[in-house]
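**Q** Here you go, one structure.
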Protein chains: 2
Amino acid sequence: MFKVTFRFENGEAVEGFAAAEEKLLDVARKTNVAIDAPCSGNGSCGKCRIRLLNGTLDSPRTRHISEEEYAQGWRLSCCSKVESDIEVEVPDIASAYRSRMKVADLSSPEEIAIFQKAKNDVEEAGILLHNDMELIDVTMNVPTLDDTMPDNERLMRALKKQTGAAMVRLPYTVIRKLAEVLRESAFSIRCVVGKSRNGNLFVYDVFPKEESVVIGGLAIDIGTTTVSALLIDMLSGEILGKASSGNGQIRYGADVINRIIESTKPGGRDKLQKAIIEETINPMIHQMCRSAKFSCKRIYRMCVAGNTTMNHLFAGVDAESVRMEPYIPTFYKTNSLYANNLGISINPDAHIIIAPNIGSYVGGDITAGTFVSMIWNKPEFSLLIDLGTNGELVFGNSDFMMSCACSAGPAFEGGDISCGMRATDGAIEACTIDKESMEPTYQIVGEEGQKPIGLCGSGIIDVISELFTAGIINPKGKFIREGERIHRDKYGMGSYVLAFAKDSDTGRDVEITEVDIDNFIRAKGAIFSAIRTMLSSLDFDVSMIENVYVAGGIGSGINMKNAVTIGMFPDIPLDKFHYIGNSSLSGSYTMLLSNEAERKTYEVAGNMTYLELSTVPGYMDEFVAACFLPHTDTDMFPSVKQG
Amino acid sequence: MFKVTFRFENGEAVEGFAAAEEKLLDVARKTNVAIDAPCSGNGSCGKCRIRLLNGTLDSPRTRHISEEEYAQGWRLSCCSKVESDIEVEVPDIASAYRSRMKVADLSSPEEIAIFQKAKNDVEEAGILLHNDMELIDVTMNVPTLDDTMPDNERLMRALKKQTGAAMVRLPYTVIRKLAEVLRESAFSIRCVVGKSRNGNLFVYDVFPKEESVVIGGLAIDIGTTTVSALLIDMLSGEILGKASSGNGQIRYGADVINRIIESTKPGGRDKLQKAIIEETINPMIHQMCRSAKFSCKRIYRMCVAGNTTMNHLFAGVDAESVRMEPYIPTFYKTNSLYANNLGISINPDAHIIIAPNIGSYVGGDITAGTFVSMIWNKPEFSLLIDLGTNGELVFGNSDFMMSCACSAGPAFEGGDISCGMRATDGAIEACTIDKESMEPTYQIVGEEGQKPIGLCGSGIIDVISELFTAGIINPKGKFIREGERIHRDKYGMGSYVLAFAKDSDTGRDVEITEVDIDNFIRAKGAIFSAIRTMLSSLDFDVSMIENVYVAGGIGSGINMKNAVTIGMFPDIPLDKFHYIGNSSLSGSYTMLLSNEAERKTYEVAGNMTYLELSTVPGYMDEFVAACFLPHTDTDMFPSVKQG
């Protein structure tokens, strides 16, 4: 038995024990030390690096570790056997994820155009992009010895008189600053108010009248892997700031199930809530506010869209019953949350709107996304596919809607893929491969001259599709040709090198391995089989789909033809596919900006039925059949067959 | 110029500078170091002790410092001149006050009887001692795969069905624990709810059904010098715990004016709020809850009665405008405060009711006290006298009420008096003095055999009255006889020894000095002149007063005849005087326990007019005339004249 000391970047350390020759990754797992290992320990992804500080590890130098790095002590934990008491340094998986995902949504002109279109669609459906918040200027009589009404009453009366409101509420934060603001501005002030439907006023804030005040709002999409946020002007709807970040909870598990399990351990709930709020959302708020020169206390409302587990962990609410039969969440919708309850760095009285869940595995991200997709407003049948860590589908029209969820894993966001990354600088976002020479031609996100770093979701689809149509891989995703760009490891497992070390930005090959392809095939298989299963349960056929709305962080560069080629999407005319970007975020934005959109989203959620795929006989068979390129039943893909 | 380092018990230190021969007390004051010096530095009270650690002070050994103490470095700062760089230790004035005042209100059977009578009076006036909080048991269907309503909706529906409520609100704290409580108890739970007048429910808390739950409430009287609290059962009204403490703000000034000034310095508001909440109220809550074995999170409502400055500083609200013309507070009444806003260690959603202020210098302590005095419910004219650090008066009947305030100083609570103390163990609470021998006979609070420690308010009244009627002091309070018990200092200032060092519990003489008497005469003069001025302004005469209700911490032992003898109260038949105890606290209790009492108190406050004494011509003359025993105009005190 050897002692293993894991040291972290933040100075903390954890001790575990290893049997002789035990693999370090396994020791880490049983000691509950999070190490990023998407390939599950077969040495292919190269992400499970640790640095040996003391002691002996039996550890080969793989192609993922350069000679220099090896000399510095870097090893892959999955290939390293413990041979003495050791001390290793573990990179912080959460900060690694965060930095890999630091580029905000809505950064490219394409994404902005998609967002604008969604906003226009909502407005064209007659939904006012307007909310109950406003700025009201009010001037009071300056008190005298003969007019000694206290400050709060003076303000409430003036507001009632001016607006006709029957009731005015001043929260503590306003009571606390009122005396100074009134006297600073000779009793002429500017109020940030929310007006309820019955005309009552809630005064969020007060300022001297001359102060220029923007009412801030915060729209957030909490993804299992990635969190995206928009800081907006609640009056104009203008976007003042944007940010994306890896979800800090990643260190407690890649998917919702593992996070729930972690949250049920002692102190776990607070730990997971802290990871999303203090480590992820608050830094994003500060970053946006710093860039926009905006005071975060002037953010008076927040809207959160996320899956059911994400919004339960965000609220610090027990998520165990989300996971356990009969799968009952604490809430579908709730209006009980305020910023000060959760310690969010915005105005403490800011109300937190949560996009409604409709079941344990279909949450607010989908209801918000469905709202902006406009499926609910059309007579024709549409399909919404949200490609997240959980894949979620909605099918229906203005008469009915059905939803389901499947576990796709993080592959669409570049997780589970050795060279995977988000669609940010250095990502290969599109690719063709010459059938003869097997030489690739690709398009890279970033400025001219940017060298490749890795592959984002849309790039992976292209590469797999091209490898398949060029006959380099077979329908099972195994390499069946050889050449300069095809590598084989000692077990014969193949990989395709998109960029050799000398041409990459990292000094290492940018490649895609059989394991990556396999991970991706399972992800796309989960999506396709879910589509089939849901449609079958309704006695519908893919030919009856008029529109397919593809949402998620996969990137606007997604090539629908290639996605069909690999059997990810059904083989229907390509003009029916529409990429609608991060619809959870745009849905969160519309709910935040518009009371009518908020109400409508609740209505949409209320009208949606939920299909639990695991209870549908035949779903697993569908899944297995879909784990081929394009599918075991190639008749389903006539265009691919011809192609 | 010498450097002076003041060291505190908590390890902090502050540096100041002294001119040669400057008095240490003066150096402390200009350096903003709080030293307890009620006699204002004339060497008579002996409270301004510090301990010399290093350096030289020119400092006599006075009778307040024993030889042993002198050897240990103890000095009176008011008599010590700085002669070198020095370092001194300063006792914490606030902790000294706290320990001096550690006995709770309602400790004696007399006080409890007075409290009970007040409660009965309220009930006899037809006011229901009942509030909107209740326990509701509710049983829900256990969810199944076919009945997947989320927890919050399940509870809200069940409560609506059971109670007919149109709306049910679950705050964050309930949302957070709901899943576990429901599952722990098979969906049979006990709810703590508040029912609004329109029938809406607010669910404060949820417990498994079998749990025995008491709904706790907290009534507090925040005095400038002393804070008193009751922990109660909101359903039965039973008192579960009681506590008193010195107000931790004392270190920032003895009276409201000095506290306001301190609060306007940078960080001052937070400092004063922290002193009252974190250092005073929270420890009292913990102490009561510990004794009563009660969870402080089960306190769901709180009522605060205090003067306008006290409740503003409690709320952390700017009090500067309370002090400055035109004397406008931020609020008279407010419903904006919750426990979580202020960091009070009770349930975070507990609403904080504030007894309403009616002006800058007549606050909730008086409106709450007026309510329980029942003045407002009687046709005859009554006078309420609240003997606190601020003396406050209310005069009127069921048709009208007028109030005013005067600054009496802390003498009634034993402050400003060298051997002054609260009515706790060792306090001389009643006294007679033999006219011939000048020997005293006294009654001491505590068990048989308790030796005297000092004098409480009622004892001081007796001693001064007895000294006066025995001809030991003259109407100006100066000693005019000599004897074993009369001491003279080097300036000829007299004092009367009630107990010699050998007979006291402290090893020092228990005595009353001319300075003490002078302080007390000014305090009683302030009260009497306020009564006269207010009555004159209404064209009333003392003979028209039917009842005098005396409130405050002076103690149930107060001898009304002696109080008349020294000219503190008007010379009317003694059976018209009634001591009603700490009416601010009992008023706070009734407001907390009864929604009707709460409403009535707002109404009483709304009907009360306020007289600003300083604006009444002749008030100062009245005051000067009243600073005699019993008064310059002895015709006002026929019974004393005969006496």
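We label chains A, B, ... in the order they appear in the structure tokens, count residues from 1 in each chain, and number ligands from 1 in the order shown.
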Please determine the contact residues of chain A with respect to chain B at a cut-off of 6 Å, counting only C-alpha atoms, and supply them as a PyMOL selection string.
**A** chain A and resi 144-145+148+150-152+171-172+176+179+317+326+328-331+336-337
**Q** Contacts of segment 594-610 of chain A at 6 Å or less, counting only C-alpha atoms, minus same-chain residues fewer than 2 places along, as a PDB file with all heavy atoms, in the first residue's frame?
**A**
```pdb
ATOM      1  N   LEU A 129     -41.938  43.223 -26.375  1.00  0.00           N
ATOM      2  CA  LEU A 129     -40.664  43.068 -25.643  1.00  0.00           C
ATOM      3  C   LEU A 129     -40.547  44.217 -24.644  1.00  0.00           C
ATOM      4  O   LEU A 129     -39.762  45.139 -24.801  1.00  0.00           O
ATOM      5  CB  LEU A 129     -39.491  43.032 -26.608  1.00  0.00           C
ATOM      6  CG  LEU A 129     -39.431  41.778 -27.479  1.00  0.00           C
ATOM      7  CD1 LEU A 129     -38.211  41.801 -28.377  1.00  0.00           C
ATOM      8  CD2 LEU A 129     -39.423  40.525 -26.611  1.00  0.00           C
ATOM      9  N   HIS A 130     -41.374  44.091 -23.612  1.00  0.00           N
ATOM     10  CA  HIS A 130     -41.503  45.198 -22.676  1.00  0.00           C
ATOM     11  C   HIS A 130     -41.783  44.628 -21.296  1.00  0.00           C
ATOM     12  O   HIS A 130     -42.506  43.648 -21.166  1.00  0.00           O
ATOM     13  CB  HIS A 130     -42.663  46.086 -23.125  1.00  0.00           C
ATOM     14  CG  HIS A 130     -42.924  47.206 -22.186  1.00  0.00           C
ATOM     15  ND1 HIS A 130     -42.183  48.350 -22.182  1.00  0.00           N
ATOM     16  CD2 HIS A 130     -43.839  47.335 -21.201  1.00  0.00           C
ATOM     17  CE1 HIS A 130     -42.638  49.150 -21.223  1.00  0.00           C
ATOM     18  NE2 HIS A 130     -43.645  48.554 -20.611  1.00  0.00           N
ATOM     19  N   ASN A 131     -41.233  45.241 -20.279  1.00  0.00           N
ATOM     20  CA  ASN A 131     -41.454  44.730 -18.939  1.00  0.00           C
ATOM     21  C   ASN A 131     -42.000  45.802 -18.010  1.00  0.00           C
ATOM     22  O   ASN A 131     -42.232  46.938 -18.420  1.00  0.00           O
ATOM     23  CB  ASN A 131     -40.163  44.136 -18.397  1.00  0.00           C
ATOM     24  CG  ASN A 131     -39.051  45.152 -18.386  1.00  0.00           C
ATOM     25  OD1 ASN A 131     -39.048  46.045 -17.554  1.00  0.00           O
ATOM     26  ND2 ASN A 131     -38.132  45.063 -19.352  1.00  0.00           N
ATOM     27  N   THR A 367     -37.755  24.880 -22.208  1.00  0.00           N
ATOM     28  CA  THR A 367     -38.983  25.675 -22.336  1.00  0.00           C
ATOM     29  C   THR A 367     -38.644  27.066 -22.863  1.00  0.00           C
ATOM     30  O   THR A 367     -39.345  27.599 -23.719  1.00  0.00           O
ATOM     31  CB  THR A 367     -39.737  25.757 -20.999  1.00  0.00           C
ATOM     32  OG1 THR A 367     -38.872  26.252 -19.979  1.00  0.00           O
ATOM     33  CG2 THR A 367     -40.240  24.382 -20.581  1.00  0.00           C
ATOM     34  N   PHE A 371     -39.788  28.455 -26.514  1.00  0.00           N
ATOM     35  CA  PHE A 371     -40.481  29.722 -26.705  1.00  0.00           C
ATOM     36  C   PHE A 371     -39.880  30.491 -27.879  1.00  0.00           C
ATOM     37  O   PHE A 371     -40.599  30.888 -28.792  1.00  0.00           O
ATOM     38  CB  PHE A 371     -40.471  30.572 -25.427  1.00  0.00           C
ATOM     39  CG  PHE A 371     -40.997  31.942 -25.681  1.00  0.00           C
ATOM     40  CD1 PHE A 371     -42.354  32.146 -25.895  1.00  0.00           C
ATOM     41  CD2 PHE A 371     -40.145  33.030 -25.785  1.00  0.00           C
ATOM     42  CE1 PHE A 371     -42.852  33.402 -26.195  1.00  0.00           C
ATOM     43  CE2 PHE A 371     -40.635  34.293 -26.083  1.00  0.00           C
ATOM     44  CZ  PHE A 371     -41.986  34.475 -26.285  1.00  0.00           C
ATOM     45  N   MET A 401     -47.397  19.799 -28.102  1.00  0.00           N
ATOM     46  CA  MET A 401     -45.936  19.683 -28.099  1.00  0.00           C
ATOM     47  C   MET A 401     -45.516  18.546 -27.179  1.00  0.00           C
ATOM     48  O   MET A 401     -46.087  18.361 -26.107  1.00  0.00           O
ATOM     49  CB  MET A 401     -45.290  20.977 -27.604  1.00  0.00           C
ATOM     50  CG  MET A 401     -45.149  22.033 -28.690  1.00  0.00           C
ATOM     51  SD  MET A 401     -44.527  23.569 -27.999  1.00  0.00           S
ATOM     52  CE  MET A 401     -45.928  24.083 -27.045  1.00  0.00           C
ATOM     53  N   MET A 402     -44.524  17.811 -27.627  1.00  0.00           N
ATOM     54  CA  MET A 402     -43.987  16.741 -26.793  1.00  0.00           C
ATOM     55  C   MET A 402     -42.472  16.945 -26.685  1.00  0.00           C
ATOM     56  O   MET A 402     -41.817  17.393 -27.628  1.00  0.00           O
ATOM     57  CB  MET A 402     -44.283  15.389 -27.422  1.00  0.00           C
ATOM     58  CG  MET A 402     -43.678  14.235 -26.644  1.00  0.00           C
ATOM     59  SD  MET A 402     -44.107  12.652 -27.361  1.00  0.00           S
ATOM     60  CE  MET A 402     -45.506  12.198 -26.362  1.00  0.00           C
ATOM     61  N   SER A 403     -41.947  16.597 -25.517  1.00  0.00           N
ATOM     62  CA  SER A 403     -40.507  16.759 -25.340  1.00  0.00           C
ATOM     63  C   SER A 403     -39.903  15.488 -24.768  1.00  0.00           C
ATOM     64  O   SER A 403     -40.595  14.661 -24.175  1.00  0.00           O
ATOM     65  CB  SER A 403     -40.248  17.910 -24.372  1.00  0.00           C
ATOM     66  OG  SER A 403     -40.779  17.575 -23.114  1.00  0.00           O
ATOM     67  N   CYS A 404     -38.624  15.317 -25.003  1.00  0.00           N
ATOM     68  CA  CYS A 404     -37.907  14.229 -24.352  1.00  0.00           C
ATOM     69  C   CYS A 404     -36.442  14.616 -24.217  1.00  0.00           C
ATOM     70  O   CYS A 404     -35.999  15.608 -24.782  1.00  0.00           O
ATOM     71  CB  CYS A 404     -38.063  12.928 -25.145  1.00  0.00           C
ATOM     72  SG  CYS A 404     -37.209  12.947 -26.715  1.00  0.00           S
ATOM     73  N   THR A 590     -35.481  36.823 -23.630  1.00  0.00           N
ATOM     74  CA  THR A 590     -36.834  37.325 -23.897  1.00  0.00           C
ATOM     75  C   THR A 590     -37.704  37.275 -22.638  1.00  0.00           C
ATOM     76  O   THR A 590     -38.495  38.181 -22.401  1.00  0.00           O
ATOM     77  CB  THR A 590     -37.530  36.548 -25.045  1.00  0.00           C
ATOM     78  OG1 THR A 590     -37.429  35.148 -24.791  1.00  0.00           O
ATOM     79  CG2 THR A 590     -36.903  36.862 -26.377  1.00  0.00           C
ATOM     80  N   MET A 591     -37.533  36.226 -21.815  1.00  0.00           N
ATOM     81  CA  MET A 591     -38.305  36.170 -20.559  1.00  0.00           C
ATOM     82  C   MET A 591     -37.954  37.325 -19.643  1.00  0.00           C
ATOM     83  O   MET A 591     -38.790  37.860 -18.926  1.00  0.00           O
ATOM     84  CB  MET A 591     -38.009  34.868 -19.804  1.00  0.00           C
ATOM     85  CG  MET A 591     -38.754  33.662 -20.296  1.00  0.00           C
ATOM     86  SD  MET A 591     -38.451  32.228 -19.217  1.00  0.00           S
ATOM     87  CE  MET A 591     -39.558  32.552 -17.850  1.00  0.00           C
ATOM     88  N   LEU A 592     -36.668  37.666 -19.650  1.00  0.00           N
ATOM     89  CA  LEU A 592     -36.206  38.753 -18.795  1.00  0.00           C
ATOM     90  C   LEU A 592     -36.751  40.091 -19.274  1.00  0.00           C
ATOM     91  O   LEU A 592     -37.215  40.920 -18.497  1.00  0.00           O
ATOM     92  CB  LEU A 592     -34.673  38.772 -18.819  1.00  0.00           C
ATOM     93  CG  LEU A 592     -33.961  39.895 -18.075  1.00  0.00           C
ATOM     94  CD1 LEU A 592     -34.168  39.739 -16.579  1.00  0.00           C
ATOM     95  CD2 LEU A 592     -32.471  39.896 -18.406  1.00  0.00           C
TER      96      LEU A 592
END
```
**Q** Report the residues of segment 555-600 of chain B whose backbone DSSP state falls under helix (DSSP H, G or I), written as a ChimeraX atom specification.
**A** /B:560-565,574-576,583-593,595-600
**Q** Do a neighbour search on Ala186 of chain B at 9 Å with only C-alpha atoms, toss out local chain neighbours closer than 6 positions, and write the hits as a PyMOL selection string.
**A** chain B and resi 139-142+208
**Q** Would you put the residues from that selection into a file with C-alpha atoms, as a PDB file, in the first residue's frame?
**A**
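Below is the file that was written, part19.pdb:
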```
ATOM      1  CA  THR B 139     -51.142  15.723   4.315  1.00  0.00           C
ATOM      2  CA  MET B 140     -50.519  15.330   0.599  1.00  0.00           C
ATOM      3  CA  ASN B 141     -50.714  12.416  -1.764  1.00  0.00           C
ATOM      4  CA  VAL B 142     -47.349  10.728  -2.078  1.00  0.00           C
ATOM      5  CA  PRO B 208     -42.388  16.680   9.730  1.00  0.00           C
TER       6      PRO B 208
END
```
**Q** Between atom CA of Val213 of chain B and atom CA of Thr280 of chain B, what distance in Å does the model show, to one decimal?
**A** 26.9 Å
**Q** Rounded to one decimal, what separation in Å do you get between atom CA of Val463 of chain A and atom CA of Asn559 of chain A?
**A**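 It comes out at 10.8 Å.
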**Q** Give me, as a PyMOL selection string, all polymer residues having an atom no more than 12 Å from Glu546 of chain B, counting only C-alpha atoms and skipping those fewer than 5 positions away in the same chain.
**A** chain B and resi 375+378-384+395-397+541+570+572-578
**Q** Would you mind listing what lies within 8 Å of Val88 of chain A as a ChimeraX atom specification, with only C-alpha atoms counted and same-chain residues fewer than 3 positions away left out?
**A** /A:4-7,50-54
**Q** Name all residues at most 12 Å from Thr163 of chain A (count only C-alpha atoms; drop same-chain ones fewer than 3 positions away) and give them as a PDB file with N, CA and C atoms, in the first residue's frame.
**A**
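Dumped everything to out-v5.pdb:
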```pdb
ATOM      1  N   GLU A 134     -39.536  50.567 -14.712  1.00  0.00           N
ATOM      2  CA  GLU A 134     -39.368  51.867 -15.336  1.00  0.00           C
ATOM      3  C   GLU A 134     -38.642  52.841 -14.420  1.00  0.00           C
ATOM      4  N   LEU A 135     -38.229  53.952 -15.007  1.00  0.00           N
ATOM      5  CA  LEU A 135     -37.624  55.030 -14.241  1.00  0.00           C
ATOM      6  C   LEU A 135     -38.694  56.093 -14.018  1.00  0.00           C
ATOM      7  N   ILE A 136     -38.864  56.482 -12.780  1.00  0.00           N
ATOM      8  CA  ILE A 136     -39.828  57.547 -12.508  1.00  0.00           C
ATOM      9  C   ILE A 136     -39.103  58.672 -11.771  1.00  0.00           C
ATOM     10  N   ASP A 137     -39.218  59.876 -12.294  1.00  0.00           N
ATOM     11  CA  ASP A 137     -38.649  61.043 -11.610  1.00  0.00           C
ATOM     12  C   ASP A 137     -39.728  61.641 -10.734  1.00  0.00           C
ATOM     13  N   VAL A 138     -39.356  61.951  -9.510  1.00  0.00           N
ATOM     14  CA  VAL A 138     -40.365  62.504  -8.618  1.00  0.00           C
ATOM     15  C   VAL A 138     -39.736  63.619  -7.778  1.00  0.00           C
ATOM     16  N   MET A 156     -43.473  57.816  -0.609  1.00  0.00           N
ATOM     17  CA  MET A 156     -44.582  56.949  -0.995  1.00  0.00           C
ATOM     18  C   MET A 156     -45.789  57.787  -1.440  1.00  0.00           C
ATOM     19  N   ARG A 157     -46.053  58.844  -0.687  1.00  0.00           N
ATOM     20  CA  ARG A 157     -47.188  59.692  -1.071  1.00  0.00           C
ATOM     21  C   ARG A 157     -46.977  60.336  -2.425  1.00  0.00           C
ATOM     22  N   ALA A 158     -45.755  60.838  -2.635  1.00  0.00           N
ATOM     23  CA  ALA A 158     -45.467  61.510  -3.917  1.00  0.00           C
ATOM     24  C   ALA A 158     -45.633  60.521  -5.067  1.00  0.00           C
ATOM     25  N   LEU A 159     -45.169  59.301  -4.876  1.00  0.00           N
ATOM     26  CA  LEU A 159     -45.272  58.314  -5.957  1.00  0.00           C
ATOM     27  C   LEU A 159     -46.722  57.919  -6.199  1.00  0.00           C
ATOM     28  N   LYS A 160     -47.475  57.772  -5.118  1.00  0.00           N
ATOM     29  CA  LYS A 160     -48.893  57.434  -5.285  1.00  0.00           C
ATOM     30  C   LYS A 160     -49.606  58.540  -6.051  1.00  0.00           C
ATOM     31  N   ALA A 166     -51.915  52.338  -5.784  1.00  0.00           N
ATOM     32  CA  ALA A 166     -52.610  52.206  -4.504  1.00  0.00           C
ATOM     33  C   ALA A 166     -51.604  51.885  -3.405  1.00  0.00           C
ATOM     34  N   MET A 167     -50.525  51.197  -3.777  1.00  0.00           N
ATOM     35  CA  MET A 167     -49.553  50.776  -2.770  1.00  0.00           C
ATOM     36  C   MET A 167     -48.143  50.975  -3.318  1.00  0.00           C
ATOM     37  N   VAL A 168     -47.272  51.413  -2.449  1.00  0.00           N
ATOM     38  CA  VAL A 168     -45.867  51.574  -2.832  1.00  0.00           C
ATOM     39  C   VAL A 168     -45.027  50.848  -1.800  1.00  0.00           C
ATOM     40  N   VAL A 193     -38.445  51.582 -10.550  1.00  0.00           N
ATOM     41  CA  VAL A 193     -39.618  50.912  -9.977  1.00  0.00           C
ATOM     42  C   VAL A 193     -40.074  49.748 -10.844  1.00  0.00           C
ATOM     43  N   LYS A 195     -43.712  47.849 -11.645  1.00  0.00           N
ATOM     44  CA  LYS A 195     -45.139  48.139 -11.506  1.00  0.00           C
ATOM     45  C   LYS A 195     -45.872  46.818 -11.685  1.00  0.00           C
ATOM     46  N   GLY A 199     -51.071  47.638 -10.432  1.00  0.00           N
ATOM     47  CA  GLY A 199     -50.661  49.030 -10.303  1.00  0.00           C
ATOM     48  C   GLY A 199     -49.814  49.351  -9.081  1.00  0.00           C
ATOM     49  N   ASN A 200     -49.547  48.348  -8.236  1.00  0.00           N
ATOM     50  CA  ASN A 200     -48.685  48.604  -7.087  1.00  0.00           C
ATOM     51  C   ASN A 200     -47.242  48.820  -7.542  1.00  0.00           C
ATOM     52  N   LEU A 201     -46.535  49.638  -6.786  1.00  0.00           N
ATOM     53  CA  LEU A 201     -45.148  49.932  -7.152  1.00  0.00           C
ATOM     54  C   LEU A 201     -44.180  49.315  -6.156  1.00  0.00           C
TER      55      LEU A 201
END
```
**Q** Excluding Ile428 of chain A and its own-chain neighbours fewer than 2 positions away, which residues fall within 7 Å of it when counting only C-alpha atoms? Please give them as number ranges by chain.
**A** A: 426, 430, 442-445, 452, 454-456, 459
**Q** Give me a file of those residues, with N, CA, C and O atoms, as a compact mmCIF listing (two decimals), in the first residue's frame.
**A**
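Final file, out_30.txt:
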```
# COMPACT_ATOMS: atom_id res chain seq x y z
N GLY A 426 -8.85 29.28 -32.84
CA GLY A 426 -8.03 28.09 -33.03
C GLY A 426 -8.84 26.83 -33.26
O GLY A 426 -8.28 25.76 -33.51
N ALA A 430 -14.82 23.91 -39.66
CA ALA A 430 -15.33 23.28 -40.88
C ALA A 430 -14.15 22.62 -41.57
O ALA A 430 -13.01 23.07 -41.42
N TYR A 442 -9.21 23.14 -44.04
CA TYR A 442 -10.15 23.53 -42.97
C TYR A 442 -10.23 25.03 -42.78
O TYR A 442 -9.44 25.80 -43.30
N GLN A 443 -11.23 25.34 -42.02
CA GLN A 443 -11.52 26.73 -41.69
C GLN A 443 -11.35 26.85 -40.18
O GLN A 443 -11.85 26.01 -39.42
N ILE A 444 -10.61 27.89 -39.77
CA ILE A 444 -10.29 28.02 -38.35
C ILE A 444 -10.91 29.29 -37.79
O ILE A 444 -10.85 30.35 -38.43
N VAL A 445 -11.49 29.18 -36.63
CA VAL A 445 -12.03 30.37 -35.98
C VAL A 445 -10.86 31.27 -35.58
O VAL A 445 -9.85 30.79 -35.06
N PRO A 452 -4.31 25.95 -36.02
CA PRO A 452 -5.33 25.14 -35.33
C PRO A 452 -4.90 24.71 -33.93
O PRO A 452 -3.73 24.43 -33.69
N GLY A 454 -7.66 22.89 -31.96
CA GLY A 454 -8.50 21.71 -31.72
C GLY A 454 -9.72 21.76 -32.62
O GLY A 454 -9.75 22.49 -33.62
N LEU A 455 -10.73 20.99 -32.22
CA LEU A 455 -11.93 20.85 -33.03
C LEU A 455 -13.15 21.26 -32.22
O LEU A 455 -13.33 20.78 -31.09
N CYS A 456 -14.01 22.10 -32.81
CA CYS A 456 -15.27 22.36 -32.13
C CYS A 456 -16.33 21.43 -32.72
O CYS A 456 -16.08 20.71 -33.69
N GLY A 459 -16.87 21.26 -36.43
CA GLY A 459 -15.69 20.69 -37.08
C GLY A 459 -15.65 19.17 -36.96
O GLY A 459 -15.30 18.46 -37.91
```
**Q** Using DSSP secondary structure from the backbone, list all strand (DSSP E) positions within segment 387-416 of chain A, as a list in words.
**A**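 After running DSSP on the backbone, segment 387-416 of chain A has strand (DSSP E) at Leu387, Asn390, Gly391, Glu392, Leu393, Val394, Phe395, Gly396, Met401, Met402, Ser403, Cys404, Ala405, Cys406 and Ser407 of chain A.
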**Q** So which one's closest to Ile215 of chain A, A:Ile346, A:Ala254, A:Met560, A:Val227? Using only C-alpha atoms, please.
**A**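 That would be A:Ile346, the residue with the smallest distance to Ile215 of chain A.
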